[in-house]
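Undergrad: Here you go, entry06.txt (compact mmCIF, C-alpha atoms):
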```
# COMPACT_ATOMS: atom_id res chain seq x y z
CA MET H 504 87.88 115.45 94.23
CA GLN H 505 86.53 112.49 96.17
CA LYS H 506 84.89 113.06 99.53
CA GLU H 507 87.61 111.20 101.46
CA GLU H 508 90.36 113.12 99.70
CA ARG H 509 88.69 116.41 100.47
CA LEU H 510 88.46 115.38 104.11
CA MET H 511 92.20 114.79 104.23
CA VAL H 512 93.18 118.04 102.61
CA GLU H 513 90.89 120.13 104.80
CA GLY H 514 92.84 121.56 107.70
CA GLY H 515 96.13 120.49 106.14
CA LEU H 516 96.19 117.18 107.94
CA CYS H 517 97.32 113.90 106.46
CA LYS H 518 95.36 111.10 108.10
CA THR H 519 97.39 107.99 108.84
CA GLY H 520 94.22 105.87 108.65
CA ILE H 521 95.15 104.23 111.96
CA ASP H 522 92.23 105.47 114.06
CA GLU H 523 93.87 105.67 117.49
CA LEU H 524 96.98 107.30 116.01
CA ASP H 525 94.94 109.94 114.21
CA ILE H 526 93.18 110.69 117.50
CA GLN H 527 96.57 111.09 119.23
CA LEU H 528 97.71 113.38 116.40
CA GLY H 529 94.64 115.56 116.73
CA GLY H 530 93.38 114.45 113.32
CA GLY H 531 96.51 113.55 111.37
CA ILE H 532 100.07 114.51 110.52
CA PRO H 533 100.36 118.14 109.39
CA THR H 534 100.66 117.86 105.61
CA GLY H 535 104.19 118.20 104.29
CA SER H 536 105.85 117.14 107.55
CA THR H 537 108.87 114.88 107.78
CA VAL H 538 108.40 112.32 110.53
CA LEU H 539 111.04 110.03 111.99
CA VAL H 540 109.67 106.57 112.83
CA VAL H 541 112.14 105.20 115.35
CA GLY H 542 112.48 101.65 116.60
CA SER H 543 114.65 98.60 116.90
CA SER H 544 114.48 95.63 114.59
CA GLY H 545 111.01 94.04 114.61
CA SER H 546 109.32 97.00 116.26
CA GLY H 547 106.88 97.51 113.36
CA LYS H 548 108.37 100.53 111.57
CA THR H 549 107.98 99.11 108.06
CA THR H 550 104.44 97.84 108.72
CA LEU H 551 103.32 101.19 110.13
CA CYS H 552 104.82 103.03 107.14
CA MET H 553 103.25 100.67 104.61
CA GLN H 554 99.85 100.95 106.29
CA PHE H 555 100.15 104.76 106.16
CA LEU H 556 100.95 104.54 102.45
CA ILE H 557 98.17 102.07 101.61
CA ASN H 558 95.56 103.98 103.61
CA GLY H 559 96.52 107.14 101.72
CA ALA H 560 96.33 105.39 98.36
CA ASN H 561 92.89 104.03 99.25
CA ASN H 562 91.81 107.64 99.64
CA GLY H 563 93.33 108.90 96.43
CA GLU H 564 96.80 109.95 97.63
CA ARG H 565 99.61 108.47 95.57
CA GLY H 566 102.67 107.28 97.49
CA VAL H 567 106.17 105.93 97.07
CA PHE H 568 108.13 103.59 99.31
CA PHE H 569 111.91 103.67 98.89
CA THR H 570 113.52 100.65 100.49
CA ILE H 571 117.18 100.09 101.09
CA THR H 572 116.97 97.55 103.91
CA GLU H 573 115.38 94.62 102.10
CA PRO H 574 114.77 93.54 98.51
CA LEU H 575 111.33 94.24 97.07
CA PHE H 576 110.31 90.60 96.82
CA LYS H 577 110.95 90.19 100.55
CA LEU H 578 109.12 93.39 101.41
CA THR H 579 106.04 92.42 99.37
CA LYS H 580 106.10 88.85 100.67
CA ASN H 581 106.04 90.12 104.25
CA MET H 582 103.25 92.57 103.49
CA GLU H 583 101.04 90.15 101.58
CA GLY H 584 99.98 88.55 104.86
CA PHE H 585 98.28 91.75 105.99
CA GLU H 586 94.64 92.33 105.10
CA PHE H 587 95.28 96.04 104.52
CA TYR H 588 97.83 95.26 101.80
CA ASP H 589 96.17 95.59 98.40
CA LYS H 590 98.21 94.40 95.41
CA LYS H 591 95.93 96.31 93.05
CA LEU H 592 97.19 99.60 94.47
CA ILE H 593 100.73 98.59 93.45
CA GLU H 594 99.58 97.49 90.00
CA SER H 595 97.63 100.70 89.46
CA GLY H 596 100.62 102.84 90.45
CA MET H 597 98.91 104.41 93.45
CA VAL H 598 101.60 102.80 95.62
CA ASN H 599 105.09 102.62 94.14
CA LEU H 600 107.74 100.38 95.67
CA ILE H 601 111.30 101.21 94.69
CA ASP H 602 114.52 99.45 95.69
CA LEU H 603 117.17 102.13 96.13
CA ARG H 604 119.94 99.60 95.60
CA ILE H 605 118.65 98.91 92.10
CA ILE H 606 118.54 102.67 91.42
CA SER H 607 122.13 102.93 92.69
CA GLU H 608 123.21 100.13 90.39
CA ARG H 609 121.53 101.76 87.42
CA LEU H 610 123.27 105.01 88.26
CA GLY H 611 126.54 103.09 88.27
CA LEU H 612 127.09 103.81 91.97
CA ASP H 613 128.86 101.50 94.36
CA THR H 614 125.83 100.06 96.20
CA GLU H 615 127.74 99.54 99.43
CA LYS H 616 129.66 102.81 99.78
CA TYR H 617 128.55 106.26 98.65
CA SER H 618 130.70 109.29 98.04
CA VAL H 619 129.28 112.81 98.56
CA GLU H 620 128.56 113.02 94.82
CA ASP H 621 126.86 109.61 94.82
CA ALA H 622 124.62 110.65 97.69
CA SER H 623 123.70 113.90 95.94
CA ALA H 624 122.93 112.06 92.72
CA LEU H 625 120.72 109.66 94.64
CA LEU H 626 118.85 112.54 96.28
CA ASP H 627 118.25 114.11 92.87
CA ILE H 628 116.83 110.82 91.61
CA LEU H 629 114.57 110.51 94.66
CA ARG H 630 113.24 114.01 94.05
CA ASP H 631 112.71 113.37 90.34
CA ILE H 632 110.79 110.17 91.03
CA ALA H 633 108.64 111.82 93.69
CA ASP H 634 107.94 114.81 91.42
CA GLU H 635 107.19 112.70 88.37
CA LEU H 636 104.81 110.44 90.25
CA ASN H 637 103.26 113.46 91.99
CA VAL H 638 103.27 111.62 95.30
CA LYS H 639 101.61 112.93 98.44
CA ARG H 640 103.18 110.36 100.76
CA LEU H 641 106.81 109.28 100.75
CA ILE H 642 108.65 106.66 102.80
CA ILE H 643 112.40 106.07 103.11
CA ASP H 644 113.14 102.77 104.85
CA SER H 645 115.61 103.40 106.33
CA ILE H 646 117.58 106.60 106.75
CA THR H 647 119.99 104.59 108.93
CA ALA H 648 120.81 102.13 106.15
CA LEU H 649 121.16 105.00 103.69
CA CYS H 650 123.64 106.84 105.93
CA TYR H 651 125.48 103.61 106.68
CA ARG H 652 126.75 103.72 103.12
CA LEU H 653 128.43 107.06 103.72
CA GLN H 654 131.92 106.79 105.06
CA THR H 655 132.53 109.65 107.51
CA PRO H 656 130.42 111.42 110.14
CA GLU H 657 130.87 114.67 108.20
CA MET H 658 129.43 113.09 105.06
CA ILE H 659 126.51 111.70 107.03
CA ARG H 660 125.78 115.08 108.62
CA ASP H 661 125.99 116.82 105.29
CA PHE H 662 123.75 114.25 103.63
CA ILE H 663 121.10 114.39 106.35
CA PHE H 664 120.88 118.18 106.21
CA LYS H 665 120.63 118.05 102.40
CA LEU H 666 117.90 115.43 102.72
CA GLY H 667 116.11 117.69 105.20
CA SER H 668 116.18 120.65 102.82
CA PHE H 669 115.06 118.49 99.92
CA LEU H 670 112.14 117.04 101.89
CA ALA H 671 111.12 120.45 103.22
CA ALA H 672 110.87 121.74 99.65
CA MET H 673 108.56 118.91 98.66
CA LYS H 674 104.83 119.03 99.28
CA CYS H 675 104.46 115.44 100.40
CA THR H 676 104.29 113.99 103.89
CA THR H 677 107.34 111.83 104.59
CA LEU H 678 108.07 109.05 107.03
CA LEU H 679 111.75 108.19 107.54
CA THR H 680 112.46 105.03 109.48
CA SER H 681 115.34 105.13 111.93
CA GLU H 682 116.89 102.00 113.41
CA VAL H 683 118.10 102.08 117.00
CA PRO H 684 119.39 99.33 119.31
CA PRO H 685 116.72 97.49 121.36
CA MET H 686 115.60 98.72 124.78
CA THR H 687 117.22 102.15 124.37
CA PHE H 688 115.60 105.55 124.28
CA GLN H 689 117.46 107.25 121.48
CA TYR H 690 115.95 108.54 118.29
CA SER H 691 118.66 107.89 115.76
CA GLN H 692 121.92 106.19 115.02
CA TYR H 693 123.81 109.35 114.10
CA GLY H 694 122.19 111.85 116.44
CA ILE H 695 121.23 114.27 113.67
CA GLU H 696 118.22 112.65 112.02
CA GLU H 697 115.82 114.05 114.62
CA PHE H 698 116.87 117.63 113.84
CA ILE H 699 115.55 117.50 110.28
CA SER H 700 112.28 115.96 111.44
CA ASP H 701 109.05 117.74 112.29
CA GLY H 702 107.81 114.72 114.17
CA ILE H 703 109.10 111.68 116.02
CA MET H 704 107.20 108.42 116.56
CA PHE H 705 108.99 106.09 118.94
CA LEU H 706 108.29 102.36 118.72
CA GLY H 707 109.63 100.54 121.75
CA ASP H 708 109.26 97.45 123.88
CA LEU H 709 108.29 96.91 127.44
CA GLU H 710 109.08 93.70 129.25
CA ARG H 711 106.28 92.18 131.29
CA LYS H 712 106.88 88.86 133.01
CA GLY H 713 109.41 88.01 130.33
CA ASP H 714 107.12 88.89 127.40
CA LEU H 715 107.76 91.89 125.20
CA ILE H 716 104.87 94.31 124.81
CA ARG H 717 105.18 96.67 121.83
CA THR H 718 104.83 100.34 122.73
CA PHE H 719 104.24 103.50 120.75
CA GLN H 720 104.89 107.10 121.75
CA LEU H 721 104.39 110.28 119.80
CA VAL H 722 107.36 112.27 121.06
CA LYS H 723 107.08 115.32 118.84
CA MET H 724 104.85 116.67 116.08
CA ARG H 725 105.31 120.28 115.07
CA GLY H 726 102.08 122.09 114.36
CA ALA H 727 99.87 119.58 116.16
CA ALA H 728 98.42 119.51 119.66
CA HIS H 729 99.26 115.86 120.08
CA SER H 730 99.19 113.32 122.85
CA ARG H 731 102.51 112.21 124.39
CA THR H 732 101.02 109.23 126.20
CA LYS H 733 102.73 105.90 125.75
CA SER H 734 100.42 103.34 124.15
CA ALA H 735 100.55 99.62 123.64
CA MET H 736 100.92 98.71 119.98
CA SER H 737 99.54 95.60 118.38
CA ILE H 738 100.34 94.25 114.93
CA SER H 739 97.98 91.68 113.47
CA THR H 740 97.44 90.39 109.96
CA LYS H 741 93.79 91.36 110.23
CA ASN H 742 94.08 94.95 111.42
CA GLY H 743 97.75 95.85 110.91
CA VAL H 744 98.96 98.37 113.47
CA GLU H 745 96.56 99.26 116.29
CA LEU H 746 97.12 101.27 119.45
CA ALA H 747 95.55 100.77 122.87
CA PRO H 748 96.01 102.51 126.21
CA LEU H 749 99.07 101.08 127.95
CA LEU H 750 98.40 99.64 131.40
CA LYS H 751 100.74 101.50 133.67
CA SER H 752 100.44 99.85 137.06
CA ARG H 753 103.78 99.28 138.73
CA GLU H 754 105.05 95.75 138.18
CA MET C 754 71.22 66.58 141.59
CA ALA C 755 73.79 67.98 139.15
CA ASN C 756 70.99 69.22 136.88
CA VAL C 757 69.34 71.01 139.78
CA LEU C 758 72.61 72.77 140.55
CA ILE C 759 73.25 73.75 136.94
CA ASP C 760 69.68 74.91 136.41
CA GLY C 761 69.94 76.93 139.61
CA LEU C 762 73.15 78.57 138.44
CA LYS C 763 71.67 79.38 135.04
CA GLU C 764 68.68 80.99 136.68
CA ARG C 765 70.86 83.10 138.98
CA ILE C 766 73.01 84.25 136.05
CA SER C 767 69.95 84.98 133.92
CA ASN C 768 68.24 87.02 136.65
CA ALA C 769 71.36 88.98 137.53
CA ILE C 770 72.43 89.86 134.00
CA LYS C 771 68.95 91.07 133.11
CA ILE C 772 69.19 93.97 135.53
CA ASN C 773 72.93 94.59 135.85
CA GLN C 774 75.57 95.65 133.34
CA SER C 775 78.28 93.66 135.05
CA ILE C 776 78.19 90.71 137.38
CA GLY C 777 81.02 89.01 139.19
CA ILE C 778 80.76 85.36 140.15
CA LEU C 779 82.91 84.27 143.06
CA LEU C 780 83.14 80.52 143.45
CA PRO C 781 85.19 77.78 145.06
CA GLY C 782 87.40 75.81 142.67
CA SER C 783 85.33 72.68 143.29
CA ASN C 784 82.32 74.34 141.62
CA TYR C 785 84.16 75.59 138.55
CA SER C 786 83.12 72.85 136.15
CA ASP C 787 79.44 73.13 137.17
CA LEU C 788 79.54 76.86 136.63
CA ALA C 789 81.27 76.49 133.25
CA GLN C 790 78.60 74.02 132.17
CA ALA C 791 75.85 76.35 133.36
CA MET C 792 77.46 79.28 131.51
CA PHE C 793 77.77 77.42 128.22
CA GLU C 794 74.26 75.99 128.42
CA TYR C 795 72.93 79.46 129.15
CA ILE C 796 74.85 80.94 126.21
CA HIS C 797 73.63 78.10 123.97
CA SER C 798 70.05 78.91 124.94
CA LYS C 799 70.47 82.52 123.76
CA PRO C 800 71.26 82.24 120.03
CA GLU C 801 69.97 85.77 119.37
CA ASP C 802 72.68 87.35 121.58
CA ALA C 803 76.39 87.86 120.84
CA TRP C 804 78.88 86.48 123.35
CA VAL C 805 82.63 86.84 123.64
CA TYR C 806 84.19 84.31 125.99
CA VAL C 807 87.72 85.04 127.22
CA THR C 808 89.36 81.90 128.49
CA VAL C 809 92.41 81.98 130.72
CA THR C 810 91.43 78.70 132.37
CA LYS C 811 91.12 76.03 129.68
CA PRO C 812 92.30 76.09 126.05
CA TYR C 813 89.56 76.60 123.45
CA ASP C 814 90.31 73.16 122.05
CA THR C 815 89.60 71.52 125.41
CA LEU C 816 86.36 73.47 125.81
CA VAL C 817 84.97 72.44 122.41
CA LYS C 818 85.89 68.83 123.07
CA GLN C 819 84.04 69.00 126.36
CA TYR C 820 81.02 70.92 125.03
CA ASP C 821 80.85 69.88 121.37
CA TYR C 822 77.92 72.21 120.55
CA LEU C 823 80.30 75.16 121.01
CA SER C 824 82.25 74.46 117.83
CA GLU C 825 79.13 75.08 115.71
CA ALA C 826 77.70 77.89 117.81
CA LYS C 827 77.21 81.11 115.85
CA ASN C 828 76.54 83.33 118.86
CA ILE C 829 79.86 82.89 120.66
CA LYS C 830 83.44 83.84 119.83
CA PHE C 831 86.34 82.80 122.02
CA ILE C 832 89.51 84.62 122.94
CA ASP C 833 92.03 82.08 124.16
CA CYS C 834 94.85 83.55 126.25
CA ILE C 835 96.65 80.37 127.20
CA SER C 836 97.03 78.01 124.23
CA ARG C 837 99.79 79.95 122.48
CA ALA C 838 101.77 80.34 125.70
CA ALA C 839 101.44 76.58 126.19
CA GLY C 840 102.83 75.94 122.70
CA ILE C 841 99.51 74.91 121.15
CA LEU C 842 99.44 76.31 117.63
CA ARG C 843 96.13 76.11 115.81
CA SER C 844 93.71 78.45 114.16
CA ASP C 845 89.93 78.43 114.37
CA VAL C 846 87.28 80.64 112.85
CA ASN C 847 85.56 80.93 116.21
CA CYS C 848 88.61 81.76 118.26
CA VAL C 849 91.24 84.50 118.47
CA TYR C 850 94.47 83.42 120.11
CA ILE C 851 96.50 85.82 122.26
CA GLU C 852 100.22 85.07 122.50
CA SER C 853 100.32 85.30 126.27
CA PRO C 854 97.96 86.16 129.15
CA THR C 855 100.37 88.97 130.04
CA MET C 856 99.39 90.82 126.85
CA LEU C 857 96.41 92.50 128.46
CA GLU C 858 96.30 95.48 126.09
CA LYS C 859 96.13 93.10 123.14
CA LEU C 860 93.37 91.20 124.93
CA GLY C 861 91.43 94.45 125.39
CA LEU C 862 91.84 95.29 121.70
CA GLU C 863 90.68 91.87 120.57
CA ILE C 864 87.62 92.01 122.83
CA MET C 865 86.55 95.34 121.36
CA ASN C 866 87.43 94.31 117.79
CA THR C 867 85.30 91.18 118.12
CA PHE C 868 82.33 93.20 119.32
CA LYS C 869 82.80 95.68 116.46
CA GLU C 870 81.71 92.92 114.09
CA VAL C 871 78.37 92.56 115.87
CA ASP C 872 75.49 94.71 114.69
CA ASP C 873 74.26 97.46 117.00
CA ASN C 874 70.86 95.92 117.69
CA THR C 875 72.20 92.66 119.07
CA LYS C 876 72.62 92.28 122.83
CA LYS C 877 76.29 91.80 123.67
CA PHE C 878 77.88 89.91 126.51
CA LEU C 879 81.47 89.38 127.61
CA VAL C 880 82.60 86.55 129.87
CA ILE C 881 86.02 86.67 131.53
CA ASP C 882 87.05 83.23 132.75
CA SER C 883 88.71 84.14 135.01
CA LEU C 884 90.09 87.13 136.87
CA SER C 885 91.82 84.83 139.35
CA ASN C 886 93.73 83.14 136.54
CA LEU C 887 94.73 86.48 135.03
CA ILE C 888 96.26 87.25 138.43
CA ILE C 889 98.33 84.06 138.25
CA TYR C 890 100.06 85.36 135.11
CA ASN C 891 100.12 89.07 135.96
CA ASP C 892 100.70 91.46 138.79
CA PRO C 893 97.33 91.96 140.59
CA ASP C 894 97.55 95.76 140.20
CA ILE C 895 97.79 95.54 136.44
CA VAL C 896 94.85 93.11 136.28
CA THR C 897 92.82 95.61 138.32
CA GLU C 898 93.77 98.41 135.92
CA PHE C 899 92.89 96.19 132.94
CA PHE C 900 89.53 95.31 134.47
CA TYR C 901 88.74 99.00 135.16
CA HIS C 902 89.46 99.77 131.49
CA ILE C 903 87.31 96.88 130.28
CA VAL C 904 84.39 97.68 132.57
CA ASN C 905 84.44 101.32 131.43
CA ARG C 906 84.82 100.56 127.74
CA THR C 907 82.10 97.92 127.75
CA ARG C 908 79.77 100.19 129.73
CA ALA C 909 80.22 102.87 127.09
CA ARG C 910 79.17 100.37 124.41
CA ASP C 911 76.33 98.76 126.34
CA ILE C 912 78.08 95.40 126.63
CA HIS C 913 77.29 93.25 129.67
CA ILE C 914 80.16 91.53 131.50
CA ILE C 915 80.22 88.35 133.52
CA SER C 916 83.54 87.88 135.26
CA LEU C 917 84.43 84.73 137.11
CA ALA C 918 86.82 84.55 140.06
CA ILE C 919 87.87 81.36 141.75
CA GLU C 920 88.46 81.78 145.45
CA GLU C 921 92.02 80.96 146.38
CA GLU C 922 94.01 81.39 149.54
CA GLY C 923 96.18 84.47 149.37
CA LEU C 924 94.21 86.05 146.54
CA GLU C 925 91.20 87.24 148.56
CA LYS C 926 92.46 90.81 148.93
CA HIS C 927 93.02 91.25 145.18
CA LEU C 928 89.89 89.38 144.13
CA ASN C 929 87.70 91.41 146.45
CA ARG C 930 89.05 94.63 144.98
CA LEU C 931 88.40 93.37 141.46
CA ILE C 932 85.11 91.63 141.87
CA TYR C 933 83.51 94.61 143.64
CA LEU C 934 83.91 96.71 140.51
CA ASN C 935 80.88 94.80 139.26
CA ASP C 936 77.32 95.96 139.78
CA LYS C 937 76.31 92.65 141.30
CA ILE C 938 78.23 89.82 142.98
CA LEU C 939 77.03 86.22 142.93
CA LYS C 940 78.70 84.00 145.47
CA VAL C 941 78.51 80.31 144.69
CA ARG C 942 78.86 78.20 147.80
CA ASP C 943 79.23 74.46 148.24
CA SER C 944 76.18 74.67 150.46
CA PHE C 945 74.21 75.83 147.42
CA ILE C 946 74.41 72.21 146.20
```
Using the file provided, produce a representation of the structure as structure tokens.
TA:
Amino acid sequence: MQKEERLMVEGGLCKTGIDELDIQLGGGIPTGSTVLVVGSSGSGKTTLCMQFLINGANNGERGVFFTITEPLFKLTKNMEGFEFYDKKLIESGMVNLIDLRIISERLGLDTEKYSVEDASALLDILRDIADELNVKRLIIDSITALCYRLQTPEMIRDFIFKLGSFLAAMKCTTLLTSEVPPMTFQYSQYGIEEFISDGIMFLGDLERKGDLIRTFQLVKMRGAAHSRTKSAMSISTKNGVELAPLLKSRE
Amino acid sequence: MANVLIDGLKERISNAIKINQSIGILLPGSNYSDLAQAMFEYIHSKPEDAWVYVTVTKPYDTLVKQYDYLSEAKNIKFIDCISRAAGILRSDVNCVYIESPTMLEKLGLEIMNTFKEVDDNTKKFLVIDSLSNLIIYNDPDIVTEFFYHIVNRTRARDIHIISLAIEEEGLEKHLNRLIYLNDKILKVRDSFI
């Protein structure tokens, strides 16, 4: 076992590799947790998740990124601009990018609307892939888009609880992205996603003199003595996601 | 006469920064260009030190046109807070551009990130040009909070700060509160000429 890998396993914490975030988490995400990464469009959910996955892979933890919101070529094109993004990790299989719509097509499912059976079949496939690849880090981007394909609130509720049980049984640390409308303080579209999550990371915006400042807040993390302070979040091609203390003076 | 003034300013800066971690320079607007020239000449004369120059007053492009030796200087990195907001889109190896001078947290991050690239044994200096211009774009309270953070973070990393403030009517109350966070205040007066 490599030194870095041993460091991550010790104490059962999964380091995000984003220094300020790991400090806020008290070292990292408790291994095996399911964390909801909430934010509106453009808030940085996908970037944060990808950085988490890449940082893990750099330290020997294999990961998988299931996307349903954008095609793979678009996802990789957007990520290629970031210095943390390493194509070799994709080529070596340490980071696996999978388009759930393609999986759905191959399963013969209607890619736009899922029945209860379709959703269950998809969950089974997700589990098989994660098991076969022996991943330690798993991303679903996004749970909102996945549920959008289910037709009734009952189906959505049922699916989310099944997803929760399936993730809880797995040994990997999971980030689920959740899309919410801008400038609102809600955690999910369907109001249930937060109940299957051990942690919630809220990515928001703050308006200052007409400019939007990205913010980050760790709302909940079971099993961790974490900070709940709101931080400013920066995304740059050089450093990816970074957090800094938010200036709080009244404006 | 101009050389005497600039040499005098350089000497005052040099003496003050030798014994203080942070110095604030309060000056009338009419002396700004002399002080800027003195600052850049002083920085140019210290190639062994590492400098980060935050500009909220003039775009980086304007500064390098005015002081052409800056474009080749290895000991100074710029953080330009105003070009992007003014619609000037360019990229330079020696300059980091901040989208807007209201993004103070981002500015703080970029300052510290730039210094992270400097080796521990090199003397480090930060210039903020200027606090008065940051107040133009931001609420004075938030600039004060930002400056507290920067002074504390740079102190912890043994980085010296030189912060400029241009005296303006109506800003005295805020500038006094800010500038007195420094260990030493230099007041530049017209009479100094």
Undergrad: I'd like a table as a tab-separated table: residues in chain H with an atom no more than 7 Å from chain C, each row giving the shortest atom pair and its distance in Å to one decimal, all atoms listed in the file counted, sorted by chain and rising residue number.
TA:
```
residue	atom	partner	partner_atom	distance
H:Arg711	CA	C:Thr855	CA	6.8
H:Ile716	CA	C:Met856	CA	6.8
H:Ala735	CA	C:Glu858	CA	6.4
H:Ser737	CA	C:Lys859	CA	6.4
H:Ala747	CA	C:Glu858	CA	6.2
H:Leu749	CA	C:Glu858	CA	6.5
H:Leu750	CA	C:Ile895	CA	6.5
H:Ser752	CA	C:Ile895	CA	5.1
H:Glu754	CA	C:Asp892	CA	6.1
```
Undergrad: Can you pull out the residues contacting C:Tyr820? Cut-off 12 Å, using all atoms listed in the file, and skip same-chain residues under 3 positions away; I want them as a list in words.
TA: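 With the cut-off at 12 Å, the set is Ser786, Ala789, Gln790, Ala791, Met792, Phe793, Glu794, Ile796, His797, Tyr813, Asp814, Thr815, Leu816, Val817, Leu823, Ser824, Glu825 and Ala826 of chain C.
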Undergrad: Leaving out stretch 602-611 of chain H and any residue of its chain fewer than 2 positions from it, which residues lie within 12 Å of it when counting only C-alpha atoms, given as a JSON list (two decimals) with C-alpha atoms, keeping the file's coordinate frame?
TA:
```json
[["chain", "number", "residue", "atom", "x", "y", "z"],
["H", 567, "VAL", "CA", 106.17, 105.93, 97.07],
["H", 568, "PHE", "CA", 108.13, 103.59, 99.31],
["H", 569, "PHE", "CA", 111.91, 103.67, 98.89],
["H", 570, "THR", "CA", 113.52, 100.65, 100.49],
["H", 571, "ILE", "CA", 117.18, 100.09, 101.09],
["H", 572, "THR", "CA", 116.97, 97.55, 103.91],
["H", 573, "GLU", "CA", 115.38, 94.62, 102.10],
["H", 574, "PRO", "CA", 114.77, 93.54, 98.51],
["H", 575, "LEU", "CA", 111.33, 94.24, 97.07],
["H", 576, "PHE", "CA", 110.31, 90.60, 96.82],
["H", 577, "LYS", "CA", 110.95, 90.19, 100.55],
["H", 578, "LEU", "CA", 109.12, 93.39, 101.41],
["H", 579, "THR", "CA", 106.04, 92.42, 99.37],
["H", 599, "ASN", "CA", 105.09, 102.62, 94.14],
["H", 600, "LEU", "CA", 107.74, 100.38, 95.67],
["H", 613, "ASP", "CA", 128.86, 101.50, 94.36],
["H", 614, "THR", "CA", 125.83, 100.06, 96.20],
["H", 615, "GLU", "CA", 127.74, 99.54, 99.43],
["H", 616, "LYS", "CA", 129.66, 102.81, 99.78],
["H", 617, "TYR", "CA", 128.55, 106.26, 98.65],
["H", 618, "SER", "CA", 130.70, 109.29, 98.04],
["H", 620, "GLU", "CA", 128.56, 113.02, 94.82],
["H", 621, "ASP", "CA", 126.86, 109.61, 94.82],
["H", 622, "ALA", "CA", 124.62, 110.65, 97.69],
["H", 623, "SER", "CA", 123.70, 113.90, 95.94],
["H", 624, "ALA", "CA", 122.93, 112.06, 92.72],
["H", 625, "LEU", "CA", 120.72, 109.66, 94.64],
["H", 626, "LEU", "CA", 118.85, 112.54, 96.28],
["H", 627, "ASP", "CA", 118.25, 114.11, 92.87],
["H", 628, "ILE", "CA", 116.83, 110.82, 91.61],
["H", 629, "LEU", "CA", 114.57, 110.51, 94.66],
["H", 632, "ILE", "CA", 110.79, 110.17, 91.03],
["H", 642, "ILE", "CA", 108.65, 106.66, 102.80],
["H", 643, "ILE", "CA", 112.40, 106.07, 103.11],
["H", 644, "ASP", "CA", 113.14, 102.77, 104.85],
["H", 645, "SER", "CA", 115.61, 103.40, 106.33],
["H", 646, "ILE", "CA", 117.58, 106.60, 106.75],
["H", 648, "ALA", "CA", 120.81, 102.13, 106.15],
["H", 649, "LEU", "CA", 121.16, 105.00, 103.69],
["H", 652, "ARG", "CA", 126.75, 103.72, 103.12]]
```
Undergrad: Which polymer residues have any atom within 9 Å of an atom of C:Lys811, counting only C-alpha atoms, with same-chain residues fewer than 6 positions away left out, as JSON, numbers by chain?
TA: {"C": [833, 835, 836, 882]}
Undergrad: May I ask for the distance between atom CA of H:Tyr690 and atom CA of H:Ser546, given in Å to one decimal place?
TA: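 Taking atom CA of H:Tyr690 and atom CA of H:Ser546, their separation equals 13.5 Å.
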Undergrad: So which one's closest to H:Val538, H:Gly667, H:Gly584, H:Gly515, H:Pro684? Using all atoms listed in the file, please.
TA: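 Ranked by minimum distance to H:Val538, first place goes to H:Gly667.
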Undergrad: I'd like the interatomic distance between atom CA of H:Ser700 and atom CA of H:Gln527, to a tenth of an Å.
TA: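 For atom CA of H:Ser700 relative to atom CA of H:Gln527, the distance reads 18.2 Å.
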Undergrad: From the list C:Tyr785, C:Tyr933, C:Phe831, C:Tyr822, which residue is nearest C:Val880 when using all atoms listed in the file?
TA: C:Phe831
Undergrad: For H:Ile521, please output as a list in words all residues within 10 Å (counting only C-alpha atoms; exclusion window: fewer than 5 positions along the same chain).
TA: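 Those residues are Ile526, Gly531, Leu551, Gln554, Phe555, Asn558, Asn742, Gly743, Val744, Glu745 and Leu746 of chain H.
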Undergrad: Taking (118.1, 102.6, 122.6) in the file's own coordinates, collect the residues within 12 Å, counting all atoms listed in the file, and hand them back as a PyMOL selection string.
TA: chain H and resi 541-544+681-692+694+705-708
Undergrad: So, counting only C-alpha atoms, which residue among H:Met673, H:Lys518, H:Ile557, H:Leu524 is closest to H:Lys733?
TA: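 Of H:Met673, H:Lys518, H:Ile557, H:Leu524, the one nearest H:Lys733, counting only C-alpha atoms, is H:Leu524.
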Undergrad: What does the distance from atom CA of H:Leu715 to atom CA of C:Trp804 come to in Å, to one decimal?
TA: 29.4 Å
Undergrad: Calculated over all atoms listed in the file, which of the candidates C:Leu879, C:Ala839, C:Lys926, C:Arg942 has the smallest distance to C:Ile776?
TA: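 Smallest distance to C:Ile776 is found for C:Leu879.
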Undergrad: With distances taken over only C-alpha atoms, which residue among C:Asp845, C:Leu917, C:Lys937, C:Ser775 lies nearest C:Asn905?
TA: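 That would be C:Ser775, the residue with the smallest distance to C:Asn905.
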Undergrad: How would you write as an MDAnalysis selection string the residues that get within 6 Å of (109.6, 113.8, 112.3) in the file's frame, counting only C-alpha atoms?
TA: chainID H and resid 537:539 700:703
Undergrad: Taking into account only C-alpha atoms, which residue in the set C:Ile851, C:Ile915, C:Val846, C:Val809 is nearest to C:Ser885?
TA: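 Of C:Ile851, C:Ile915, C:Val846, C:Val809, the one nearest C:Ser885 is C:Val809, counting only C-alpha atoms.
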